[in-house]
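What follows is entry36.txt (compact mmCIF, C-alpha atoms).
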```txt
# COMPACT_ATOMS: atom_id res chain seq x y z
CA MET I 176 -21.45 -9.06 -5.08
CA SER I 177 -19.60 -12.33 -5.69
CA GLN I 178 -18.99 -14.85 -2.95
CA PHE I 179 -15.95 -13.99 -0.81
CA THR I 180 -14.02 -17.25 -0.65
CA ILE I 181 -11.39 -18.48 1.80
CA ASP I 182 -9.24 -21.52 1.13
CA ALA I 183 -8.70 -22.79 4.67
CA HIS I 184 -5.96 -25.30 3.92
CA GLN I 185 -2.87 -24.44 1.89
CA HIS I 186 0.83 -25.16 2.25
CA VAL I 187 4.11 -23.72 1.09
CA TRP I 188 7.50 -25.32 1.62
CA ASP I 189 11.14 -24.80 0.81
CA PRO I 190 13.62 -27.62 1.54
CA THR I 191 16.46 -25.10 1.56
CA ARG I 192 14.89 -23.36 4.55
CA ALA I 193 13.25 -26.14 6.56
CA THR I 194 13.45 -29.91 6.93
CA TYR I 195 10.52 -31.96 5.63
CA ASP I 196 11.23 -35.55 6.63
CA TRP I 197 8.22 -36.88 4.73
CA LEU I 198 9.12 -35.17 1.44
CA THR I 199 10.87 -37.76 -0.74
CA PRO I 200 11.56 -38.28 -4.46
CA GLU I 201 8.62 -40.68 -4.60
CA LEU I 202 6.40 -37.60 -4.22
CA ALA I 203 7.59 -35.93 -7.42
CA PRO I 204 6.50 -33.43 -8.70
CA ILE I 205 6.05 -31.83 -5.26
CA ASP I 206 9.47 -32.89 -3.95
CA ALA I 207 10.65 -29.34 -4.58
CA THR I 208 10.18 -25.79 -3.37
CA MET I 209 6.47 -24.97 -3.63
CA THR I 210 5.77 -21.26 -3.48
CA PHE I 211 2.68 -19.13 -2.97
CA GLU I 212 3.58 -17.28 -6.15
CA GLU I 213 3.02 -20.51 -8.06
CA LEU I 214 -0.38 -20.96 -6.44
CA LYS I 215 -1.70 -17.40 -6.76
CA PRO I 216 -2.79 -17.61 -10.43
CA GLN I 217 -4.70 -20.80 -9.64
CA LEU I 218 -6.48 -19.14 -6.73
CA ALA I 219 -7.38 -16.18 -8.93
CA ALA I 220 -8.75 -18.46 -11.64
CA ALA I 221 -10.94 -20.20 -9.06
CA GLY I 222 -12.13 -16.92 -7.57
CA VAL I 223 -10.52 -17.62 -4.20
CA ASP I 224 -9.86 -14.41 -2.29
CA ALA I 225 -7.96 -15.49 0.82
CA SER I 226 -5.89 -18.39 2.16
CA VAL I 227 -4.92 -20.01 5.44
CA LEU I 228 -1.38 -21.40 5.44
CA VAL I 229 -1.03 -24.61 7.42
CA GLN I 230 2.05 -26.21 8.99
CA SER I 231 3.98 -28.67 6.81
CA ALA I 232 6.83 -29.74 9.10
CA ASP I 233 7.41 -30.26 12.80
CA ASN I 234 9.95 -27.48 13.16
CA ASP I 235 10.09 -23.72 13.70
CA ASP I 236 11.75 -23.06 10.35
CA ASP I 237 8.53 -24.04 8.59
CA THR I 238 6.55 -21.59 10.71
CA GLN I 239 8.98 -18.78 9.94
CA LEU I 240 8.75 -19.53 6.23
CA MET I 241 4.95 -19.23 6.36
CA LEU I 242 5.16 -15.93 8.25
CA ASP I 243 7.67 -14.56 5.74
CA VAL I 244 5.40 -15.53 2.83
CA ALA I 245 2.38 -14.03 4.58
CA ALA I 246 4.22 -10.76 5.15
CA SER I 247 4.32 -10.08 1.42
CA ASN I 248 0.96 -11.59 0.49
CA PRO I 249 -2.11 -9.99 2.09
CA GLU I 250 -4.23 -12.80 0.64
CA ILE I 251 -2.85 -14.95 3.46
CA VAL I 252 -5.15 -14.10 6.36
CA ALA I 253 -4.05 -16.73 8.90
CA VAL I 254 -1.25 -19.15 9.72
CA VAL I 255 -1.47 -22.48 11.55
CA ALA I 256 1.96 -22.82 13.14
CA TYR I 257 4.04 -25.51 14.83
CA ALA I 258 4.78 -25.95 18.53
CA PRO I 259 6.28 -29.14 20.06
CA LEU I 260 3.25 -30.51 21.89
CA GLN I 261 5.33 -33.24 23.52
CA ARG I 262 7.29 -30.53 25.40
CA PRO I 263 4.86 -28.27 27.29
CA ALA I 264 7.52 -25.86 28.55
CA GLU I 265 8.57 -25.14 24.98
CA VAL I 266 4.95 -24.80 23.93
CA ALA I 267 4.49 -22.14 26.60
CA ALA I 268 7.52 -20.29 25.24
CA HIS I 269 6.14 -20.54 21.70
CA LEU I 270 2.79 -19.15 22.78
CA ASP I 271 4.49 -16.24 24.52
CA ARG I 272 6.38 -15.53 21.31
CA PHE I 273 3.23 -15.79 19.18
CA GLN I 274 1.24 -13.47 21.43
CA GLY I 275 0.28 -10.32 19.61
CA ASN I 276 0.81 -11.83 16.16
CA GLY I 277 -2.71 -11.78 14.77
CA LEU I 278 -1.73 -14.01 11.84
CA ILE I 279 -1.02 -17.05 14.03
CA VAL I 280 -4.39 -18.59 14.82
CA GLY I 281 -3.61 -22.19 15.71
CA ILE I 282 -1.18 -25.08 16.08
CA ARG I 283 -0.69 -28.33 14.20
CA ASN I 284 1.66 -31.30 14.56
CA LEU I 285 2.12 -34.06 11.99
CA ILE I 286 0.58 -36.68 14.26
CA HIS I 287 -0.15 -38.98 11.32
CA ASN I 288 3.62 -39.55 11.00
CA ILE I 289 3.92 -40.63 14.66
CA PRO I 290 3.72 -44.43 15.13
CA ASP I 291 1.59 -44.19 18.29
CA PRO I 292 -2.02 -43.35 17.26
CA GLN I 293 -2.76 -42.49 20.92
CA TRP I 294 0.00 -39.87 21.06
CA LEU I 295 -2.41 -36.99 21.68
CA LEU I 296 -3.54 -38.62 24.93
CA ARG I 297 -0.05 -38.69 26.46
CA PRO I 298 0.13 -36.56 29.65
CA GLU I 299 2.69 -34.12 28.31
CA VAL I 300 0.76 -33.61 25.06
CA ASP I 301 -2.48 -33.24 26.99
CA GLU I 302 -0.84 -30.51 29.07
CA SER I 303 0.16 -28.67 25.91
CA LEU I 304 -3.36 -28.90 24.49
CA GLY I 305 -4.51 -27.28 27.72
CA LEU I 306 -2.10 -24.42 27.05
CA LEU I 307 -3.59 -23.94 23.56
CA GLU I 308 -7.05 -23.98 25.08
CA ALA I 309 -6.13 -21.33 27.64
CA ALA I 310 -4.49 -19.16 24.98
CA GLY I 311 -7.52 -19.34 22.69
CA LEU I 312 -5.57 -20.94 19.86
CA THR I 313 -7.06 -23.66 17.68
CA PHE I 314 -5.81 -27.17 16.96
CA ASP I 315 -5.69 -28.74 13.50
CA LEU I 316 -6.04 -32.52 13.85
CA VAL I 317 -4.36 -34.50 11.06
CA SER I 318 -6.59 -37.53 11.39
CA VAL I 319 -5.88 -40.29 8.88
CA LEU I 320 -6.60 -43.44 10.92
CA PRO I 321 -9.83 -44.50 12.63
CA GLU I 322 -7.84 -44.43 15.88
CA HIS I 323 -7.13 -40.73 15.35
CA LEU I 324 -10.77 -39.88 14.72
CA ALA I 325 -11.87 -41.94 17.71
CA LEU I 326 -9.79 -39.67 19.99
CA VAL I 327 -11.94 -36.61 19.34
CA PRO I 328 -14.63 -37.21 22.00
CA THR I 329 -11.90 -37.75 24.63
CA LEU I 330 -10.07 -34.58 23.55
CA VAL I 331 -13.33 -32.64 23.80
CA GLU I 332 -14.05 -34.05 27.26
CA ARG I 333 -10.59 -33.06 28.49
CA HIS I 334 -10.54 -29.66 26.77
CA PRO I 335 -14.12 -28.46 26.30
CA SER I 336 -13.07 -24.96 25.15
CA LEU I 337 -10.39 -26.08 22.67
CA ARG I 338 -11.54 -25.54 19.09
CA ILE I 339 -10.51 -28.54 17.00
CA VAL I 340 -10.72 -28.87 13.23
CA ILE I 341 -10.48 -32.30 11.62
CA ASP I 342 -8.32 -31.91 8.54
CA HIS I 343 -9.55 -33.52 5.32
CA LEU I 344 -12.69 -34.91 7.00
CA SER I 345 -10.35 -37.56 8.44
CA LYS I 346 -9.80 -39.14 5.01
CA PRO I 347 -13.14 -40.85 4.31
CA PRO I 348 -13.04 -44.14 2.36
CA ILE I 349 -13.85 -42.57 -1.00
CA GLY I 350 -14.06 -45.23 -3.70
CA LEU I 351 -14.26 -48.13 -1.25
CA ALA I 352 -17.31 -50.31 -0.66
CA ASP I 353 -17.31 -50.10 3.16
CA ARG I 354 -17.95 -46.68 4.72
CA GLU I 355 -17.27 -47.87 8.27
CA PRO I 356 -15.79 -47.12 10.73
CA TRP I 357 -15.47 -43.60 9.30
CA TRP I 358 -19.24 -43.15 8.94
CA THR I 359 -19.89 -43.76 12.63
CA LEU I 360 -16.76 -42.10 14.00
CA ILE I 361 -17.23 -38.84 12.11
CA GLY I 362 -20.73 -38.62 13.55
CA GLN I 363 -19.42 -39.08 17.07
CA ALA I 364 -16.66 -36.53 16.53
CA ALA I 365 -19.18 -33.96 15.34
CA GLU I 366 -21.28 -34.07 18.51
CA SER I 367 -19.38 -31.20 20.12
CA GLU I 368 -19.96 -27.66 18.85
CA THR I 369 -16.24 -26.93 19.29
CA VAL I 370 -15.28 -29.47 16.61
CA PHE I 371 -15.15 -28.36 12.96
CA ALA I 372 -13.95 -30.17 9.82
CA LYS I 373 -12.31 -29.30 6.53
CA VAL I 374 -13.81 -30.29 3.20
CA SER I 375 -10.33 -30.81 1.80
CA GLY I 376 -7.99 -33.57 0.67
CA LEU I 377 -10.94 -35.73 -0.40
CA TYR I 378 -9.12 -38.01 -2.78
CA SER I 379 -9.76 -41.60 -3.66
CA ALA I 380 -8.80 -44.12 -0.97
CA THR I 381 -8.02 -46.69 -3.67
CA GLY I 382 -4.57 -47.23 -5.16
CA GLU I 383 -4.97 -44.24 -7.49
CA SER I 384 -5.66 -41.16 -5.38
CA GLY I 385 -6.56 -39.09 -8.42
CA SER I 386 -9.43 -41.34 -9.47
CA TRP I 387 -11.96 -39.51 -7.26
CA THR I 388 -15.05 -37.92 -8.80
CA PRO I 389 -17.62 -35.45 -7.43
CA ASP I 390 -20.17 -38.28 -7.39
CA ALA I 391 -17.83 -40.40 -5.23
CA VAL I 392 -17.26 -37.51 -2.82
CA ARG I 393 -20.92 -36.45 -2.57
CA PRO I 394 -22.16 -39.00 0.03
CA TYR I 395 -19.32 -38.06 2.37
CA LEU I 396 -20.04 -34.36 2.05
CA ILE I 397 -23.71 -35.05 2.73
CA ARG I 398 -22.80 -37.07 5.81
CA ALA I 399 -20.59 -34.24 7.06
CA LEU I 400 -23.36 -31.70 6.47
CA GLU I 401 -25.83 -33.87 8.37
CA ARG I 402 -23.54 -34.16 11.38
CA PHE I 403 -21.63 -30.86 11.51
CA GLY I 404 -23.94 -28.51 9.67
CA SER I 405 -22.47 -26.12 7.14
CA GLU I 406 -21.53 -23.66 9.89
CA ARG I 407 -18.78 -26.05 11.05
CA LEU I 408 -17.41 -27.07 7.65
CA MET I 409 -14.77 -25.15 5.68
CA TYR I 410 -13.32 -25.55 2.20
CA GLY I 411 -9.63 -26.32 1.68
CA GLY I 412 -7.77 -26.84 -1.59
CA ASP I 413 -4.86 -28.74 0.02
CA TRP I 414 -2.30 -27.41 -2.46
CA PRO I 415 0.33 -28.60 -3.27
CA ILE I 416 -0.63 -32.08 -2.02
CA SER I 417 -3.58 -31.81 -4.41
CA VAL I 418 -1.12 -31.77 -7.31
CA LEU I 419 -0.75 -35.54 -6.78
CA SER I 420 -4.50 -36.07 -7.15
CA GLY I 421 -5.50 -33.92 -10.07
CA GLY I 422 -4.29 -30.42 -9.23
CA TYR I 423 -5.87 -27.30 -7.79
CA ALA I 424 -8.29 -26.57 -10.63
CA ARG I 425 -9.66 -30.10 -10.62
CA VAL I 426 -10.15 -30.07 -6.85
CA TRP I 427 -11.84 -26.67 -6.92
CA ASN I 428 -14.07 -27.51 -9.90
CA GLY I 429 -15.09 -30.85 -8.41
CA LEU I 430 -15.91 -29.52 -4.95
CA SER I 431 -17.54 -26.31 -6.17
CA GLN I 432 -19.86 -28.46 -8.28
CA LEU I 433 -21.04 -30.05 -5.05
CA PHE I 434 -21.21 -26.72 -3.22
CA ASP I 435 -23.37 -25.30 -6.00
CA GLU I 436 -25.97 -27.96 -5.18
CA LEU I 437 -26.38 -26.49 -1.69
CA PRO I 438 -28.54 -23.57 -0.51
CA MET I 439 -26.69 -20.25 -0.71
CA GLY I 440 -26.37 -19.98 3.08
CA ASP I 441 -24.66 -23.36 3.34
CA ARG I 442 -22.35 -22.52 0.47
CA THR I 443 -21.38 -19.22 2.10
CA ASN I 444 -20.66 -20.95 5.40
CA ILE I 445 -18.37 -23.53 3.81
CA LEU I 446 -16.55 -21.05 1.59
CA SER I 447 -16.09 -18.24 4.08
CA VAL I 448 -17.97 -17.95 7.37
CA ALA I 449 -16.87 -21.19 9.06
CA ALA I 450 -13.17 -20.47 8.52
CA GLN I 451 -13.54 -16.92 9.81
CA ASN I 452 -15.39 -18.08 12.91
CA PHE I 453 -13.21 -21.08 13.71
CA TYR I 454 -9.85 -19.40 13.26
CA GLY I 455 -10.95 -16.00 14.53
CA ILE I 456 -9.46 -14.37 11.45
CA GLU I 457 -8.96 -10.66 12.03
CA PRO I 458 -11.90 -8.83 10.40
CA ARG I 459 -9.64 -6.07 9.12
CA ARG I 460 -7.81 -8.57 6.89
CA ILE I 461 -11.07 -9.66 5.30
CA ALA I 462 -12.24 -6.05 5.00
CA GLU I 463 -9.03 -4.98 3.27
CA LEU I 464 -9.28 -7.81 0.73
CA THR I 465 -12.95 -7.16 0.14
CA ARG I 466 -12.23 -3.49 -0.49
CA LYS I 467 -9.28 -4.30 -2.75
CA ASN I 468 -11.24 -6.85 -4.77
CA GLY I 469 -14.12 -4.41 -5.15
CA GLU I 470 -11.94 -1.69 -6.66
```
Give the structure from this file in structure tokens form.
Amino acid sequence: MSQFTIDAHQHVWDPTRATYDWLTPELAPIDATMTFEELKPQLAAAGVDASVLVQSADNDDDTQLMLDVAASNPEIVAVVAYAPLQRPAEVAAHLDRFQGNGLIVGIRNLIHNIPDPQWLLRPEVDESLGLLEAAGLTFDLVSVLPEHLALVPTLVERHPSLRIVIDHLSKPPIGLADREPWWTLIGQAAESETVFAKVSGLYSATGESGSWTPDAVRPYLIRALERFGSERLMYGGDWPISVLSGGYARVWNGLSQLFDELPMGDRTNILSVAAQNFYGIEPRRIAELTRKNGE
């Protein structure tokens, strides 16, 4: 039986249905509607069986778009939605509304677009994270600055039961000479068993994001494996952002080359088990896809 594979980090967006403040003409060719239908052939070519859709905008319209897309695509097994963490009362209302929807597994905010890198420590945001913790929902941390990554131990101390996943391994300095402070901070962030990370969005940190190579990524994957273990790492293709750095096939081929160097158990964890465990993906969704793919 072939490896059942989950892509734990995908997006869709439609500027006619939701507002994406960060999406500008400078980001052509992704400054357009990006649909799951466009992605599906690329997933099939890579042998990817299932996807997790992740929030792309800090508004409810984006969440509704993801849910609508998921409704007609059983390959989508989970959705990471939006809730306004700076307004706890509204977060509570969102969580009430999400209750019973097995597709919604977690919450994300675009914190990397907020000027204050300490935003997650604000009292009102901290209260909202407590609500996620109590509800058993996960939190996707868009960590792009050292200051973001340095928050993780404090977040764990305040919310020891909140499952946190660090998106894109917090953007390691791929292609740069100095690995610090990322090297030390990622190790500190990994100390808690409730913290996971995504092997996704690992592009060059130099001026040309598409200049990354598997050899340049390898030391950062090894570091992540040493600190998290494969059971807390999950693969993500980061489409359509990946279009700007080589495209889905290049990302998949480059990362799978590195995964193929690992023992089978580690490879299985990264490509399937970690995402299922972290997000609590409903087993029936995986079973249905496995049965369908085996027909």
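Straight-line separation from atom CA of Val426 of chain I to atom CA of Ile397 of chain I: 17.3 Å.
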Mind dumping a table of every segment 329-420 of chain I residue within 12 Å of segment 294-301 of chain I, with the nearest atom pair and its distance in Å to one decimal, using all atoms listed in the file, sorted by chain and rising number, as a Markdown table?
```
| residue | atom | partner | partner_atom | distance |
| --- | --- | --- | --- | --- |
| I:Thr329 | CA | I:Leu296 | CA | 8.4 |
| I:Leu330 | CA | I:Leu296 | CA | 7.8 |
| I:Val331 | CA | I:Asp301 | CA | 11.3 |
| I:Glu332 | CA | I:Asp301 | CA | 11.6 |
| I:Arg333 | CA | I:Asp301 | CA | 8.2 |
| I:His334 | CA | I:Asp301 | CA | 8.8 |
| I:Leu337 | CA | I:Asp301 | CA | 11.5 |
```
Mind listing whatever residues come within 12 Å of the point (4.1, -15.9, 18.0)? Use only C-alpha atoms, file coordinates, and give them as a PyMOL selection string. chain I and resi 235+238-239+242+254-258+266-282+310+312
Would you please work out which residue, of I:Thr359, I:Thr313, I:Gln293, I:Ser375, is nearest to Trp414 of chain I when using only C-alpha atoms?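 Of I:Thr359, I:Thr313, I:Gln293, I:Ser375, the one nearest Trp414 of chain I, counting only C-alpha atoms, is I:Ser375.
Between Ser318 of chain I and the residues I:Pro335, I:Gly376, I:Met241, I:Leu351, the shortest atom-to-atom distance, using all atoms listed in the file, involves I:Gly376.
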Could you tell me which of I:Lys215, I:His323, I:Arg393, I:Lys346 comes closest to Ile251 of chain I if we count all atoms listed in the file?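 Closest residue, counting all atoms listed in the file: I:Lys215.
Among the candidates I:Ala219, I:Asn234, I:Leu228, I:Arg442, the residue lying nearest to Arg192 of chain I is I:Asn234 (atoms considered: only C-alpha atoms).
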Give the answer as one residue: which of I:Trp188, I:Leu218, I:Leu464, I:Phe211 has the shortest atom-to-atom distance to Ser247 of chain I, using only C-alpha atoms?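 Under the stated criterion, the closest residue is I:Phe211.
Between atom CA of Asp233 of chain I and atom CA of Pro259 of chain I there is a distance of 7.4 Å.
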Report, in Å with one decimal, the straight-line distance from atom CA of His186 of chain I to atom CA of Ala207 of chain I.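 Atom CA of Ala207 of chain I lies 12.7 Å from atom CA of His186 of chain I.
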From I:His343, I:Ile286, I:Arg402, I:Ala309, residue lying nearest Glu322 of chain I [only C-alpha atoms]: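 Result for the nearest residue to Glu322 of chain I: I:Ile286.
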With all atoms listed in the file as the counted atoms, please give the residues lying no more than 9 Å from Ile339 of chain I, apart from itself and same-chain residues fewer than 2 positions off, as a short mmCIF file (atom, residue, chain, number, x, y, z; two decimals) with C-alpha atoms, keeping the file's coordinate frame.
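Contents of the output file result-v3.cif:
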```
data_model
loop_
_atom_site.label_atom_id
_atom_site.label_comp_id
_atom_site.auth_asym_id
_atom_site.auth_seq_id
_atom_site.Cartn_x
_atom_site.Cartn_y
_atom_site.Cartn_z
CA THR I 313 -7.06 -23.66 17.68
CA PHE I 314 -5.81 -27.17 16.96
CA ASP I 315 -5.69 -28.74 13.50
CA LEU I 316 -6.04 -32.52 13.85
CA VAL I 327 -11.94 -36.61 19.34
CA LEU I 330 -10.07 -34.58 23.55
CA VAL I 331 -13.33 -32.64 23.80
CA LEU I 337 -10.39 -26.08 22.67
CA ILE I 341 -10.48 -32.30 11.62
CA THR I 369 -16.24 -26.93 19.29
CA VAL I 370 -15.28 -29.47 16.61
CA PHE I 371 -15.15 -28.36 12.96
CA ALA I 372 -13.95 -30.17 9.82
CA PHE I 453 -13.21 -21.08 13.71
#
```
At most 9 Å from (-13.7, -21.0, 9.5), file frame, only C-alpha atoms: which residues, as a ChimeraX atom specification? /I:181,183,371,373,406-410,444-456
